[in-house]
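Q: If it helps, the file is called my_file33.csv and holds CSV, C-alpha atoms:
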chain,number,residue,atom,x,y,z
K,293,MET,CA,28.3,9.7,-58.4
K,294,THR,CA,25.1,7.9,-58.5
K,295,ARG,CA,22.6,8.9,-55.8
K,296,PRO,CA,21.4,5.9,-53.9
K,297,SER,CA,17.8,5.2,-54.7
K,298,SER,CA,15.4,5.6,-51.8
K,299,PRO,CA,13.7,2.4,-50.7
K,300,SER,CA,10.3,1.9,-52.2
K,301,PRO,CA,7.5,2.1,-49.7
K,302,ALA,CA,6.3,-1.1,-48.2
K,303,PRO,CA,3.1,-2.3,-49.8
K,304,PRO,CA,0.0,-1.9,-47.6
K,305,ASP,CA,-1.0,-4.8,-45.4
K,306,ARG,CA,-3.5,-7.0,-47.1
K,307,PRO,CA,-6.4,-8.4,-45.2
K,308,ARG,CA,-5.8,-12.0,-44.0
K,309,HIS,CA,-9.4,-13.0,-45.0
K,310,VAL,CA,-10.8,-11.9,-48.2
K,311,ARG,CA,-14.3,-13.0,-49.2
K,312,VAL,CA,-14.5,-14.4,-52.7
K,313,ASP,CA,-18.0,-15.0,-53.9
K,314,ASN,CA,-18.5,-18.3,-55.8
K,315,THR,CA,-22.2,-19.2,-55.7
K,316,PRO,CA,-22.0,-22.6,-57.5
K,317,LEU,CA,-19.2,-23.8,-55.1
K,318,GLY,CA,-21.2,-22.4,-52.2
K,319,ILE,CA,-24.3,-24.4,-53.3
K,320,ALA,CA,-22.2,-27.5,-53.8
K,321,SER,CA,-20.7,-27.1,-50.3
K,322,MET,CA,-24.1,-26.7,-48.7
K,323,PHE,CA,-25.4,-29.9,-50.5
K,324,GLY,CA,-22.3,-31.7,-49.3
K,325,SER,CA,-22.9,-30.5,-45.8
K,326,VAL,CA,-26.6,-31.6,-45.9
K,327,LEU,CA,-25.6,-35.1,-47.1
K,328,LEU,CA,-22.8,-35.6,-44.5
K,329,PHE,CA,-25.1,-34.4,-41.7
K,330,SER,CA,-27.9,-36.7,-42.9
K,331,ILE,CA,-25.6,-39.7,-43.0
K,332,MET,CA,-24.3,-38.7,-39.5
K,333,ASN,CA,-27.9,-38.6,-38.2
K,334,VAL,CA,-28.5,-42.1,-39.6
K,335,VAL,CA,-25.4,-43.4,-37.8
K,336,VAL,CA,-26.5,-41.7,-34.6
K,337,LYS,CA,-30.0,-43.3,-34.8
K,338,LEU,CA,-28.5,-46.7,-35.5
K,339,LEU,CA,-26.3,-46.4,-32.4
K,340,THR,CA,-28.8,-44.9,-29.9
K,341,ASP,CA,-30.2,-48.3,-29.1
K,342,ARG,CA,-26.8,-49.5,-27.9
K,343,PHE,CA,-25.0,-46.5,-26.5
K,344,PRO,CA,-25.9,-43.8,-23.9
K,345,ILE,CA,-26.6,-40.4,-25.5
K,346,THR,CA,-23.7,-38.8,-23.5
K,347,GLU,CA,-21.2,-41.3,-25.0
K,348,LEU,CA,-22.4,-40.7,-28.5
K,349,THR,CA,-22.1,-36.9,-27.9
K,350,PHE,CA,-18.5,-37.4,-26.6
K,351,PHE,CA,-17.4,-39.3,-29.7
K,352,ARG,CA,-19.3,-36.9,-32.0
K,353,SER,CA,-17.2,-34.0,-30.5
K,354,ALA,CA,-13.9,-35.9,-30.1
K,355,PHE,CA,-13.6,-37.2,-33.6
K,356,ALA,CA,-14.9,-33.9,-35.0
K,357,LEU,CA,-11.7,-32.3,-33.7
K,358,LEU,CA,-9.7,-34.0,-36.4
K,359,PRO,CA,-11.2,-32.2,-39.5
K,360,VAL,CA,-11.5,-29.0,-37.5
K,361,CYS,CA,-7.8,-29.0,-36.5
K,362,VAL,CA,-6.8,-29.8,-40.1
K,363,ALA,CA,-8.9,-26.9,-41.4
K,364,ILE,CA,-7.4,-24.5,-38.8
K,365,HIS,CA,-3.8,-25.6,-39.7
K,366,ILE,CA,-4.5,-25.1,-43.4
K,367,THR,CA,-6.2,-21.7,-43.1
K,368,GLY,CA,-4.1,-19.8,-40.5
K,369,GLY,CA,-2.6,-21.9,-37.8
K,370,PHE,CA,-3.5,-22.5,-34.1
K,371,ARG,CA,-1.9,-19.3,-32.8
K,372,ASN,CA,-4.6,-17.2,-34.4
K,373,ALA,CA,-7.4,-19.7,-33.7
K,374,LEU,CA,-6.6,-20.0,-30.0
K,375,ARG,CA,-6.5,-16.3,-29.4
K,376,THR,CA,-9.7,-15.1,-27.8
K,377,ALA,CA,-11.0,-12.3,-25.7
K,378,ARG,CA,-14.3,-14.0,-24.9
K,379,PRO,CA,-13.6,-17.2,-22.9
K,380,VAL,CA,-16.9,-16.9,-21.0
K,381,GLY,CA,-18.8,-16.5,-24.2
K,382,HIS,CA,-17.2,-19.6,-25.7
K,383,PHE,CA,-18.0,-21.6,-22.5
K,384,THR,CA,-21.7,-20.4,-22.7
K,385,ARG,CA,-21.9,-21.3,-26.3
K,386,THR,CA,-20.5,-24.7,-25.5
K,387,LEU,CA,-23.1,-25.4,-22.8
K,388,ILE,CA,-26.0,-24.4,-25.1
K,389,GLY,CA,-24.5,-26.4,-28.0
K,390,LEU,CA,-24.0,-29.5,-25.9
K,391,THR,CA,-27.6,-29.3,-24.7
K,392,THR,CA,-28.7,-29.0,-28.4
K,393,MET,CA,-26.7,-32.1,-29.4
K,394,VAL,CA,-27.9,-34.3,-26.5
K,395,ALA,CA,-31.6,-33.3,-27.2
K,396,MET,CA,-31.2,-33.9,-30.9
K,397,PHE,CA,-29.6,-37.3,-30.5
K,398,TRP,CA,-32.2,-38.3,-27.9
K,399,SER,CA,-35.1,-37.2,-30.3
K,400,PHE,CA,-33.6,-39.5,-33.0
K,401,HIS,CA,-34.0,-42.4,-30.5
K,402,LEU,CA,-37.5,-41.4,-29.5
K,403,LEU,CA,-39.0,-40.5,-32.9
K,404,PRO,CA,-38.9,-41.5,-36.6
K,405,LEU,CA,-35.9,-39.7,-38.1
K,406,GLY,CA,-38.1,-37.6,-40.5
K,407,ASP,CA,-40.3,-36.4,-37.7
K,408,ALA,CA,-37.3,-35.4,-35.5
K,409,ILE,CA,-35.7,-33.5,-38.4
K,410,ALA,CA,-39.0,-31.8,-39.2
K,411,LEU,CA,-39.4,-30.5,-35.6
K,412,ASN,CA,-35.8,-29.3,-35.6
K,413,PHE,CA,-36.8,-26.9,-38.4
K,414,ALA,CA,-38.6,-24.8,-35.8
K,415,SER,CA,-35.1,-23.4,-34.9
K,416,PRO,CA,-35.5,-20.3,-37.3
K,417,LEU,CA,-38.8,-19.5,-35.6
K,418,PHE,CA,-37.3,-19.6,-32.2
K,419,LEU,CA,-34.3,-17.6,-33.5
K,420,THR,CA,-36.6,-14.8,-34.7
K,421,ALA,CA,-38.4,-14.6,-31.4
K,422,LEU,CA,-35.2,-14.7,-29.3
K,423,SER,CA,-33.5,-12.0,-31.4
K,424,VAL,CA,-35.7,-9.4,-29.8
K,425,PRO,CA,-34.7,-9.8,-26.1
K,426,MET,CA,-31.2,-11.2,-26.7
K,427,LEU,CA,-29.9,-9.1,-29.6
K,428,GLY,CA,-32.2,-6.1,-29.4
K,429,GLU,CA,-33.4,-6.6,-33.0
K,430,ARG,CA,-36.7,-5.2,-34.2
K,431,VAL,CA,-39.2,-7.8,-35.6
K,432,GLY,CA,-42.2,-6.4,-37.3
K,433,ILE,CA,-45.7,-7.8,-38.0
K,434,HIS,CA,-44.7,-9.7,-41.1
K,435,ARG,CA,-42.0,-11.8,-39.4
K,436,TRP,CA,-44.1,-12.2,-36.2
K,437,GLY,CA,-46.9,-13.5,-38.5
K,438,ALA,CA,-44.5,-16.0,-40.1
K,439,VAL,CA,-43.4,-17.1,-36.7
K,440,LEU,CA,-47.0,-17.8,-35.5
K,441,ILE,CA,-47.8,-19.6,-38.7
K,442,GLY,CA,-44.7,-21.6,-38.4
K,443,PHE,CA,-45.5,-22.7,-34.9
K,444,GLY,CA,-48.9,-23.7,-36.2
K,445,GLY,CA,-47.1,-26.0,-38.5
K,446,VAL,CA,-45.2,-27.4,-35.6
K,447,LEU,CA,-48.5,-28.2,-33.9
K,448,VAL,CA,-49.7,-29.9,-37.0
K,449,ILE,CA,-46.6,-32.2,-36.9
K,450,ALA,CA,-46.9,-32.8,-33.2
K,451,LYS,CA,-50.7,-33.4,-33.2
K,452,PRO,CA,-51.3,-32.2,-29.7
K,453,SER,CA,-54.8,-33.8,-29.6
K,454,GLY,CA,-53.4,-37.1,-30.8
K,455,ASP,CA,-50.9,-39.6,-29.7
K,456,MET,CA,-47.7,-37.9,-30.9
K,457,LEU,CA,-47.4,-35.2,-28.2
K,458,ASN,CA,-45.0,-37.3,-26.2
K,459,LEU,CA,-41.5,-37.1,-24.8
K,460,GLY,CA,-39.9,-37.3,-28.2
K,461,VAL,CA,-41.7,-34.2,-29.5
K,462,LEU,CA,-40.9,-32.2,-26.4
K,463,VAL,CA,-37.2,-33.2,-26.6
K,464,ALA,CA,-37.0,-32.3,-30.3
K,465,LEU,CA,-38.5,-28.9,-29.6
K,466,VAL,CA,-36.1,-28.3,-26.7
K,467,GLY,CA,-33.3,-29.2,-29.1
K,468,ALA,CA,-34.7,-26.7,-31.7
K,469,PHE,CA,-35.0,-24.0,-29.0
K,470,CYS,CA,-31.4,-24.6,-27.8
K,471,ASN,CA,-30.2,-24.6,-31.4
K,472,ALA,CA,-31.7,-21.2,-31.9
K,473,SER,CA,-30.1,-20.0,-28.6
K,474,ALA,CA,-26.7,-21.3,-29.9
K,475,MET,CA,-27.1,-19.3,-33.1
K,476,ILE,CA,-27.7,-16.2,-31.0
K,477,THR,CA,-24.5,-16.8,-29.0
K,478,ILE,CA,-22.6,-17.3,-32.3
K,479,ARG,CA,-23.9,-14.0,-33.6
K,480,GLN,CA,-22.7,-12.3,-30.5
K,481,LEU,CA,-19.3,-14.0,-30.6
K,482,SER,CA,-18.8,-13.4,-34.3
K,483,LYS,CA,-18.6,-9.6,-33.7
K,484,THR,CA,-15.1,-10.2,-32.3
K,485,GLU,CA,-14.2,-13.8,-32.9
K,486,ALA,CA,-13.2,-15.6,-36.1
K,487,SER,CA,-15.3,-18.5,-37.2
K,488,ASN,CA,-12.5,-21.0,-36.8
K,489,THR,CA,-12.0,-19.8,-33.2
K,490,ILE,CA,-15.7,-20.3,-32.5
K,491,VAL,CA,-15.8,-23.8,-34.0
K,492,PHE,CA,-12.6,-24.9,-32.3
K,493,TYR,CA,-13.5,-23.9,-28.8
K,494,PHE,CA,-17.0,-25.4,-29.1
K,495,THR,CA,-15.6,-28.7,-30.3
K,496,PHE,CA,-12.8,-28.8,-27.8
K,497,LEU,CA,-14.8,-27.7,-24.8
K,498,SER,CA,-17.6,-30.0,-25.7
K,499,THR,CA,-15.3,-33.0,-25.7
K,500,ILE,CA,-13.8,-32.1,-22.3
K,501,LEU,CA,-17.1,-31.4,-20.6
K,502,ILE,CA,-19.0,-34.4,-21.9
K,503,ALA,CA,-16.0,-36.7,-21.0
K,504,VAL,CA,-16.8,-36.1,-17.4
K,505,THR,CA,-20.0,-38.2,-17.8
K,506,LEU,CA,-18.3,-41.3,-19.3
K,507,PRO,CA,-17.5,-43.1,-16.0
K,508,PHE,CA,-21.2,-43.0,-15.2
K,509,ALA,CA,-22.5,-44.3,-18.5
K,510,TRP,CA,-20.2,-46.3,-20.7
K,511,VAL,CA,-20.6,-49.1,-23.1
K,512,THR,CA,-17.5,-50.6,-24.7
K,513,PRO,CA,-17.8,-50.5,-28.5
K,514,SER,CA,-17.0,-53.5,-30.8
K,515,PRO,CA,-14.5,-52.9,-33.6
K,516,LEU,CA,-17.4,-52.1,-36.0
K,517,GLU,CA,-18.9,-49.8,-33.5
K,518,TRP,CA,-15.6,-48.0,-33.0
K,519,ALA,CA,-15.6,-47.4,-36.8
K,520,MET,CA,-19.1,-46.1,-36.7
K,521,LEU,CA,-18.4,-43.8,-33.8
K,522,ALA,CA,-15.3,-42.4,-35.5
K,523,GLY,CA,-17.2,-42.0,-38.7
K,524,MET,CA,-20.0,-40.1,-36.9
K,525,GLY,CA,-17.6,-37.5,-35.5
K,526,LEU,CA,-15.7,-37.2,-38.8
K,527,LEU,CA,-18.9,-36.7,-40.7
K,528,GLY,CA,-20.2,-34.1,-38.3
K,529,GLY,CA,-16.9,-32.1,-38.2
K,530,SER,CA,-16.6,-32.2,-42.0
K,531,ALA,CA,-20.2,-31.2,-42.5
K,532,GLN,CA,-19.8,-28.2,-40.1
K,533,LEU,CA,-16.8,-27.0,-42.1
K,534,LEU,CA,-18.6,-27.4,-45.4
K,535,MET,CA,-21.6,-25.4,-44.0
K,536,THR,CA,-19.3,-22.6,-42.9
K,537,ARG,CA,-17.6,-22.7,-46.3
K,538,ALA,CA,-21.0,-22.4,-48.0
K,539,TYR,CA,-22.0,-19.3,-46.1
K,540,SER,CA,-18.6,-17.7,-46.9
K,541,LEU,CA,-18.9,-18.4,-50.7
K,542,ALA,CA,-22.6,-17.5,-51.4
K,543,PRO,CA,-25.3,-15.3,-50.0
K,544,ALA,CA,-27.4,-16.8,-47.1
K,545,ALA,CA,-30.5,-16.3,-49.2
K,546,VAL,CA,-29.1,-18.8,-51.7
K,547,VAL,CA,-27.6,-21.5,-49.5
K,548,ALA,CA,-29.8,-21.4,-46.3
K,549,PRO,CA,-33.0,-22.8,-48.0
K,550,LEU,CA,-30.9,-25.8,-49.2
K,551,THR,CA,-30.8,-27.1,-45.6
K,552,TYR,CA,-34.4,-28.1,-45.9
K,553,SER,CA,-33.4,-30.8,-48.3
K,554,SER,CA,-32.2,-32.7,-45.3
K,555,LEU,CA,-35.8,-33.5,-44.5
K,556,LEU,CA,-36.2,-35.4,-47.8
K,557,VAL,CA,-33.0,-37.3,-47.1
K,558,ALA,CA,-34.1,-38.1,-43.6
K,559,VAL,CA,-37.5,-39.4,-44.8
K,560,LEU,CA,-35.8,-41.5,-47.5
K,561,PHE,CA,-33.3,-43.1,-45.0
K,562,GLY,CA,-36.1,-43.6,-42.5
K,563,TRP,CA,-38.2,-45.4,-45.0
K,564,LEU,CA,-35.3,-47.6,-46.3
K,565,LEU,CA,-33.8,-48.6,-43.0
K,566,TRP,CA,-36.7,-48.5,-40.5
K,567,GLY,CA,-39.8,-48.6,-42.7
K,568,ASP,CA,-41.0,-45.2,-41.3
K,569,VAL,CA,-43.6,-43.7,-43.6
K,570,PRO,CA,-44.3,-40.0,-42.8
K,571,SER,CA,-47.9,-39.2,-42.0
K,572,ALA,CA,-50.0,-36.6,-43.9
K,573,SER,CA,-49.8,-34.3,-40.8
K,574,THR,CA,-46.0,-34.5,-40.9
K,575,GLY,CA,-45.9,-33.6,-44.5
K,576,ILE,CA,-48.3,-30.7,-44.2
K,577,GLY,CA,-46.8,-29.4,-41.0
K,578,SER,CA,-43.3,-29.6,-42.5
K,579,ALA,CA,-44.4,-27.6,-45.5
K,580,ILE,CA,-45.8,-24.9,-43.3
K,581,VAL,CA,-42.7,-24.7,-41.1
K,582,MET,CA,-40.4,-24.6,-44.1
K,583,ALA,CA,-42.5,-21.9,-45.8
K,584,SER,CA,-42.4,-19.8,-42.7
K,585,GLY,CA,-38.7,-20.2,-42.3
K,586,LEU,CA,-38.1,-19.2,-46.0
K,587,TYR,CA,-40.4,-16.2,-45.6
K,588,ILE,CA,-38.4,-15.0,-42.5
K,589,LEU,CA,-35.2,-15.5,-44.5
K,590,HIS,CA,-36.6,-13.5,-47.4
K,591,ARG,CA,-37.6,-10.6,-45.1
K,592,GLU,CA,-34.3,-10.7,-43.3
K,593,THR,CA,-32.4,-10.6,-46.6
K,594,ARG,CA,-34.5,-7.8,-48.0
K,595,ARG,CA,-34.1,-5.8,-44.9
K,596,ASN,CA,-30.3,-6.2,-44.9
K,597,ALA,CA,-29.9,-5.6,-48.6
K,598,THR,CA,-31.3,-2.0,-48.4
K,599,PRO,CA,-29.9,-0.4,-45.2
K,600,SER,CA,-30.1,3.1,-46.6
K,601,ARG,CA,-33.9,2.8,-46.9
K,602,PRO,CA,-35.2,1.2,-43.8
K,603,PRO,CA,-38.7,-0.3,-43.9
K,604,PRO,CA,-41.5,1.5,-42.1
K,605,PRO,CA,-41.7,0.8,-38.4
K,606,GLY,CA,-43.4,-2.5,-37.6
K,607,SER,CA,-43.5,-3.7,-41.2
K,608,ASP,CA,-40.5,-6.0,-41.5
Could you render the structure as structure tokens?
A:
Amino acid sequence: MTRPSSPSPAPPDRPRHVRVDNTPLGIASMFGSVLLFSIMNVVVKLLTDRFPITELTFFRSAFALLPVCVAIHITGGFRNALRTARPVGHFTRTLIGLTTMVAMFWSFHLLPLGDAIALNFASPLFLTALSVPMLGERVGIHRWGAVLIGFGGVLVIAKPSGDMLNLGVLVALVGAFCNASAMITIRQLSKTEASNTIVFYFTFLSTILIAVTLPFAWVTPSPLEWAMLAGMGLLGGSAQLLMTRAYSLAPAAVVAPLTYSSLLVAVLFGWLLWGDVPSASTGIGSAIVMASGLYILHRETRRNATPSRPPPPGSD
């Protein structure tokens, strides 16, 4: 009589999300994100003379839901993406993100595209400063020095003693500050929330909240404008997904500096479409801001790469 064989033990559960490093694909994804965001910014600037900023923000969020929902369906389904234990956190992130978007779009209307993008690069500087009170992180003399030098570059771009310190500069800097605040809330949410969940709730809640303003400021689009508005949202949603993909495939130290290429694209489009030639102060200030941001990224990467040997107090 043959003894029945005992059932083999069930294989251990595999993690649902496994990071696979692919640096070349990560770099390609980031360049694709930069290109799509840059084209979206051009479309926004073309439409700001015709449409209220709130209406542009609505269509940017509403049409971005399409690629976001497709990505969620492919990668795990809505049941997992909709599950959250932090509804208040998502709502707060949405309010900050909406303010960022409105300020950015408004700055595109008030300033040459290259100048608006250059001032938005102050975000990493604000992020470093905000990480102390909001995240409890320690920032030493090296990174504080980079922040101060970076803000010096912002002043070079803004020319406070000249004619450029105007509403456009202030709006662009508010957008950069809010963008840094949004990154802080994303860091806080990402401790318990998946990236797809964060992106979905931001896009969905933004669409709902900004829709409330439409009866007060609405311009009916023409067929061509409908296509441009839809393209704006699709470009933005796809660019956001590509950026998320880039950070999941390659180290931040590799892909994050590539975002600065958006300034070159913005300057090129600004020159071709509007005849905007960047001033020497914009070029010099942008170089200072970018160098400061890259140095902060270098220090952050170096600090995280050697957790077992922390740097001396006050030296990071």
Q: Find the residues near stretch 408-420 of chain K: any atom within 7 Å, counting only C-alpha atoms, skip ones fewer than 2 places away on the same chain, and give them as an MDAnalysis selection string.
A: chainID K and resid 399:400 403:406 422:423 439 442 446 464:465 467:469 471:473 555 578 581 585
Q: Which residues come within 7 Å of K:Gly577, counting only C-alpha atoms, excluding same-chain residues fewer than 3 positions away, as a short mmCIF file (atom, residue, chain, number, x, y, z; two decimals) with C-alpha atoms, keeping the file's coordinate frame?
A:
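New file around_3.cif:
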data_model
loop_
_atom_site.label_atom_id
_atom_site.label_comp_id
_atom_site.auth_asym_id
_atom_site.auth_seq_id
_atom_site.Cartn_x
_atom_site.Cartn_y
_atom_site.Cartn_z
CA GLY K 445 -47.10 -26.00 -38.50
CA VAL K 446 -45.20 -27.40 -35.60
CA VAL K 448 -49.70 -29.90 -37.00
CA ILE K 449 -46.60 -32.20 -36.90
CA SER K 573 -49.80 -34.30 -40.80
CA THR K 574 -46.00 -34.50 -40.90
CA ILE K 580 -45.80 -24.90 -43.30
CA VAL K 581 -42.70 -24.70 -41.10
#
Q: State, in Å with one decimal place, the distance from atom CA of K:Pro513 to atom CA of K:Asp341.
A: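 Separation between atom CA of K:Pro513 and atom CA of K:Asp341: 12.6 Å.
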Q: Please determine the residues with any atom at most 9 Å from (-38.9, -10.0, -42.5) (coordinates as given in the file, with only C-alpha atoms counting) and report them as a list in words.
A: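 Nearby residues: Val431, Gly432, Ile433, His434, Arg435, Trp436, Ala438, Tyr587, Ile588, Leu589, His590, Arg591, Glu592, Thr593, Arg594, Arg595, Ser607 and Asp608 of chain K.
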Q: Residues near stretch 522-535 of chain K, anyone? I mean within 6 Å using all atoms listed in the file, not counting same-chain ones fewer than 5 positions away, as number ranges by chain.
A: K: 321-322, 325, 328-329, 332, 352, 355-356, 359
Q: So the first atom is atom CA of K:Ala583 and the second is atom CA of K:Leu560; what is the distance between them in Å, to one decimal place?
A: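 If I compute the distance from atom CA of K:Ala583 to atom CA of K:Leu560, I get 20.8 Å.
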Q: For each of K:Leu550, K:Ile364, K:Leu481, K:Ile502, take the minimum atom-to-atom distance to K:Phe323, counting all atoms listed in the file, then give the residue where this is smallest.
A: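 Checking each candidate against K:Phe323, we get K:Leu550 as the closest.
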Q: Kindly assemble as a Markdown table a list of the stretch 399-504 of chain K residues that lie within 7 Å of stretch 365-379 of chain K, each paired with its nearest atom pair and their distance in Å to one decimal, using all atoms listed in the file, sorted first by chain and then by ascending residue number.
A:
| residue | atom | partner | partner_atom | distance |
| --- | --- | --- | --- | --- |
| K:Glu485 | CA | K:Thr376 | CA | 6.9 |
| K:Asn488 | CA | K:Ala373 | CA | 6.1 |
| K:Thr489 | CA | K:Ala373 | CA | 4.6 |
Q: Quick one: distance from atom CA of K:Phe496 to atom CA of K:Ala354 in Å, one decimal?
A: 7.5 Å
Q: With only C-alpha atoms as the basis for distance, which of K:Tyr552, K:Phe443, K:Trp566, K:Tyr539 is at the shortest distance from K:Ala421?
A: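 Distance minimum relative to K:Ala421 lands on K:Phe443.
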Q: Tell me which of K:Ala450, K:Leu357, K:Leu339, K:Met582 sits closest to K:Ile500, counting only C-alpha atoms.
A: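 Result for the nearest residue to K:Ile500: K:Leu357.
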Q: Put a box with edges along x, y and z around all the listed atoms of stretch 529-534 of chain K, pad it by 8 Å on each side, then give me its centre and sizes in Å, one decimal, as lines of an AutoDock Vina configuration file.
A:
center_x = -18.4
center_y = -29.6
center_z = -41.8
size_x = 19.6
size_y = 21.2
size_z = 23.2
Q: How would stretch 503-521 of chain K read, as an mmCIF file, keeping the file's coordinate frame, once N, CA, C and O atoms are built in?
A:
data_model
loop_
_atom_site.group_PDB
_atom_site.id
_atom_site.type_symbol
_atom_site.label_atom_id
_atom_site.label_comp_id
_atom_site.auth_asym_id
_atom_site.auth_seq_id
_atom_site.Cartn_x
_atom_site.Cartn_y
_atom_site.Cartn_z
ATOM 1 N N ALA K 503 -16.862 -35.552 -21.484
ATOM 2 C CA ALA K 503 -16.000 -36.700 -21.000
ATOM 3 C C ALA K 503 -16.210 -36.954 -19.545
ATOM 4 O O ALA K 503 -16.012 -38.088 -19.091
ATOM 5 N N VAL K 504 -16.606 -35.943 -18.793
ATOM 6 C CA VAL K 504 -16.800 -36.100 -17.400
ATOM 7 C C VAL K 504 -17.921 -37.142 -17.075
ATOM 8 O O VAL K 504 -17.915 -37.825 -16.039
ATOM 9 N N THR K 505 -18.868 -37.299 -18.006
ATOM 10 C CA THR K 505 -20.000 -38.200 -17.800
ATOM 11 C C THR K 505 -19.672 -39.662 -18.131
ATOM 12 O O THR K 505 -20.444 -40.558 -17.780
ATOM 13 N N LEU K 506 -18.557 -39.910 -18.815
ATOM 14 C CA LEU K 506 -18.300 -41.300 -19.300
ATOM 15 C C LEU K 506 -18.176 -42.324 -18.228
ATOM 16 O O LEU K 506 -18.657 -43.448 -18.427
ATOM 17 N N PRO K 507 -17.544 -42.056 -17.068
ATOM 18 C CA PRO K 507 -17.500 -43.100 -16.000
ATOM 19 C C PRO K 507 -18.859 -43.533 -15.533
ATOM 20 O O PRO K 507 -19.002 -44.643 -15.002
ATOM 21 N N PHE K 508 -19.867 -42.705 -15.694
ATOM 22 C CA PHE K 508 -21.200 -43.000 -15.200
ATOM 23 C C PHE K 508 -22.085 -43.706 -16.200
ATOM 24 O O PHE K 508 -23.123 -44.276 -15.837
ATOM 25 N N ALA K 509 -21.717 -43.643 -17.463
ATOM 26 C CA ALA K 509 -22.500 -44.300 -18.500
ATOM 27 C C ALA K 509 -21.591 -44.625 -19.664
ATOM 28 O O ALA K 509 -21.277 -43.774 -20.508
ATOM 29 N N TRP K 510 -21.122 -45.869 -19.686
ATOM 30 C CA TRP K 510 -20.200 -46.300 -20.700
ATOM 31 C C TRP K 510 -20.487 -47.685 -21.196
ATOM 32 O O TRP K 510 -20.774 -48.600 -20.410
ATOM 33 N N VAL K 511 -20.479 -47.840 -22.491
ATOM 34 C CA VAL K 511 -20.600 -49.100 -23.100
ATOM 35 C C VAL K 511 -19.417 -49.318 -24.049
ATOM 36 O O VAL K 511 -19.140 -48.455 -24.897
ATOM 37 N N THR K 512 -18.674 -50.407 -23.871
ATOM 38 C CA THR K 512 -17.500 -50.600 -24.700
ATOM 39 C C THR K 512 -17.854 -51.016 -26.100
ATOM 40 O O THR K 512 -18.584 -51.985 -26.312
ATOM 41 N N PRO K 513 -17.397 -50.255 -27.096
ATOM 42 C CA PRO K 513 -17.800 -50.500 -28.500
ATOM 43 C C PRO K 513 -17.025 -51.769 -29.020
ATOM 44 O O PRO K 513 -15.902 -52.080 -28.605
ATOM 45 N N SER K 514 -17.656 -52.435 -29.973
ATOM 46 C CA SER K 514 -17.000 -53.500 -30.800
ATOM 47 C C SER K 514 -16.155 -52.797 -31.832
ATOM 48 O O SER K 514 -16.263 -51.583 -32.056
ATOM 49 N N PRO K 515 -15.294 -53.549 -32.542
ATOM 50 C CA PRO K 515 -14.500 -52.900 -33.600
ATOM 51 C C PRO K 515 -15.353 -52.203 -34.655
ATOM 52 O O PRO K 515 -15.015 -51.096 -35.092
ATOM 53 N N LEU K 516 -16.480 -52.810 -35.058
ATOM 54 C CA LEU K 516 -17.400 -52.100 -36.000
ATOM 55 C C LEU K 516 -17.959 -50.886 -35.433
ATOM 56 O O LEU K 516 -18.076 -49.854 -36.115
ATOM 57 N N GLU K 517 -18.338 -50.948 -34.162
ATOM 58 C CA GLU K 517 -18.900 -49.800 -33.500
ATOM 59 C C GLU K 517 -17.912 -48.661 -33.342
ATOM 60 O O GLU K 517 -18.269 -47.483 -33.442
ATOM 61 N N TRP K 518 -16.652 -49.020 -33.090
ATOM 62 C CA TRP K 518 -15.600 -48.000 -33.000
ATOM 63 C C TRP K 518 -15.543 -47.259 -34.369
ATOM 64 O O TRP K 518 -15.418 -46.024 -34.411
ATOM 65 N N ALA K 519 -15.608 -48.011 -35.459
ATOM 66 C CA ALA K 519 -15.600 -47.400 -36.800
ATOM 67 C C ALA K 519 -16.762 -46.475 -37.010
ATOM 68 O O ALA K 519 -16.634 -45.380 -37.572
ATOM 69 N N MET K 520 -17.935 -46.919 -36.559
ATOM 70 C CA MET K 520 -19.100 -46.100 -36.700
ATOM 71 C C MET K 520 -19.066 -44.834 -35.864
ATOM 72 O O MET K 520 -19.459 -43.755 -36.306
ATOM 73 N N LEU K 521 -18.542 -44.950 -34.645
ATOM 74 C CA LEU K 521 -18.400 -43.800 -33.800
ATOM 75 C C LEU K 521 -17.416 -42.783 -34.352
ATOM 76 O O LEU K 521 -17.648 -41.563 -34.328
#
